[in-house]
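Trainee: Sharing a structure here in structure tokens format.
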Amino acid sequence: MDSLAILIVPVLTGALGTYMIVSGNPRPLHSYHYATTPPEKLPALARAEGASMIVLGIAIALICLDRQGVLTIAGVVILVLGIAFMLGAIVYFNGGLITYSGQAATGVFSSMKPIWRYVVMGLAGAVCSLFGIVPGVYMISTGDVGLLHGYHYANVAAADLPRLATTEGVCMIALGIGIFLCMLAGAGMVGGRPFKRWAIALMVFGIVLWLAALVGLIAFIIYFNGSLMG
């Protein structure tokens with residue numbers, strides 16, 4: 001029964017991905033992920049995202065069902081690759097991870113002067129980044145791993161707990177910075193194509209940093225704890 005309950009999330013994820021592949025409909029995504037995608041490319045975007053979701057469902061199933069074996073590592077690798085492909089497909093077809101057309105902005109962003117757009121989205125990104133930066137700084141400064149789930153450090157030696165806290169804290173800070181950079185880059189993509197080169201470069205860097213931080217979070221837990229879930 002526990003295994004069946006665990007499989008609910010990956011099954012639903014795979015089912016949604018299958019729907020997107022069959023229908024070619026990208027609407028299960030947030031509208032800003034396809035706001036500036038050319039209409040003729042919307043089905044291709046939907047199918048790419050659907051395939052990614054099926055891959056994510058498989059990865060989640062592997063991680064949840066095999067918590068201490070080789071399949072866990074395989075699941076983590078597949079998960080990161082699936083997320084990377086998902087984000088990359090959005091950037092490729094949409095021109096950016098978060099974009100707004102004149103219609104999609106409905107006067108909120110499109111009517112703003114660029115400087116205020118950067119300020120507003122930059123502040124929003126800064127606030128969101130605090131959810132990663134603040135816990136990260138706390139973990140580094142205190143050596144306390146209590147913000148993690150107990151099963152992430154159940155098998156960690158007492159002497160290694162501060163090291164786990166430091167490495168996880170650094171990754172949390174990197175996650176927050178990645179979110180901020182993506183939000184700031186999004187401000188340069190408001191209004192549709194063509195997008196500014198600096199905005200595209202910043203978006204790509206933010207995504208890469210976010211993914212690298214995610215890999216680090218998982219890898220350090222496995223390294224110190226022996227498994228993702230003790």
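Order determines the names: the first chain of the structure tokens is A, the second B, and so forth; residues in each chain are numbered 1 upward, and ligands are numbered 1 upward as they are shown.
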Within range 4-213 of chain A, find each residue whose DSSP state, derived from the backbone, is helix (DSSP H, G or I), and express the selection as a ChimeraX atom specification.
Mentor: /A:4-6,8-23,31-33,39-65,70-94,102-105,114-142,150-152,158-187,197-213
Trainee: Report as JSON lines: every residue of range 200-227 of chain A with an atom at most 10 Å from range 165-174 of chain A, its closest pair of atoms, and their distance in Å to one decimal, counting only C-alpha atoms, with rows sorted by chain and ascending residue number.
Mentor:
{"residue": "A:Gly206", "atom": "CA", "partner": "A:Ala174", "partner_atom": "CA", "distance": 9.4}
{"residue": "A:Leu209", "atom": "CA", "partner": "A:Ala174", "partner_atom": "CA", "distance": 6.7}
{"residue": "A:Trp210", "atom": "CA", "partner": "A:Ala174", "partner_atom": "CA", "distance": 6.6}
{"residue": "A:Leu211", "atom": "CA", "partner": "A:Ala174", "partner_atom": "CA", "distance": 9.4}
{"residue": "A:Ala212", "atom": "CA", "partner": "A:Cys171", "partner_atom": "CA", "distance": 8.3}
{"residue": "A:Ala213", "atom": "CA", "partner": "A:Cys171", "partner_atom": "CA", "distance": 4.8}
{"residue": "A:Leu214", "atom": "CA", "partner": "A:Cys171", "partner_atom": "CA", "distance": 7.1}
{"residue": "A:Val215", "atom": "CA", "partner": "A:Cys171", "partner_atom": "CA", "distance": 8.7}
{"residue": "A:Gly216", "atom": "CA", "partner": "A:Cys171", "partner_atom": "CA", "distance": 6.1}
{"residue": "A:Leu217", "atom": "CA", "partner": "A:Glu168", "partner_atom": "CA", "distance": 5.6}
{"residue": "A:Ile218", "atom": "CA", "partner": "A:Glu168", "partner_atom": "CA", "distance": 8.8}
{"residue": "A:Ala219", "atom": "CA", "partner": "A:Glu168", "partner_atom": "CA", "distance": 9.6}
{"residue": "A:Phe220", "atom": "CA", "partner": "A:Thr167", "partner_atom": "CA", "distance": 6.9}
{"residue": "A:Ile221", "atom": "CA", "partner": "A:Glu168", "partner_atom": "CA", "distance": 8.0}
Trainee: Using the selection just defined, write its residues with C-alpha atoms as an mmCIF file, in the first residue's frame.
Mentor:
data_model
loop_
_atom_site.group_PDB
_atom_site.id
_atom_site.type_symbol
_atom_site.label_atom_id
_atom_site.label_comp_id
_atom_site.auth_asym_id
_atom_site.auth_seq_id
_atom_site.Cartn_x
_atom_site.Cartn_y
_atom_site.Cartn_z
ATOM 1 C CA GLY A 206 20.272 31.533 -14.056
ATOM 2 C CA LEU A 209 23.014 27.825 -11.783
ATOM 3 C CA TRP A 210 19.638 26.656 -10.454
ATOM 4 C CA LEU A 211 20.099 23.187 -11.917
ATOM 5 C CA ALA A 212 23.670 22.914 -10.619
ATOM 6 C CA ALA A 213 22.462 23.899 -7.147
ATOM 7 C CA LEU A 214 19.700 21.288 -7.312
ATOM 8 C CA VAL A 215 22.242 18.616 -8.247
ATOM 9 C CA GLY A 216 24.438 19.728 -5.354
ATOM 10 C CA LEU A 217 21.591 19.572 -2.842
ATOM 11 C CA ILE A 218 20.822 15.991 -3.757
ATOM 12 C CA ALA A 219 24.414 14.820 -4.292
ATOM 13 C CA PHE A 220 25.722 16.085 -0.933
ATOM 14 C CA ILE A 221 22.868 14.399 0.932
#
Trainee: Leaving out Phe205 in chain A and any residue of its chain fewer than 6 positions from it, which residues lie within 9 Å of it when counting only C-alpha atoms, given as a PyMOL selection string?
Mentor: chain A and resi 178+181-182
Trainee: Compile the contact shell of Asn25 in chain A as a list in words: residues with an atom at most 8 Å away, counting only C-alpha atoms, same-chain residues fewer than 2 positions apart removed.
Mentor: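 After dropping sequence-adjacent residues, the list is Met20, Ile21, Ser23, Arg27, Pro28, Leu42, Pro43 and Ala46 of chain A.
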Trainee: CA of Ile222 in chain A and CA of Gly143 in chain A, how far apart in Å?
Mentor: 17.9 Å
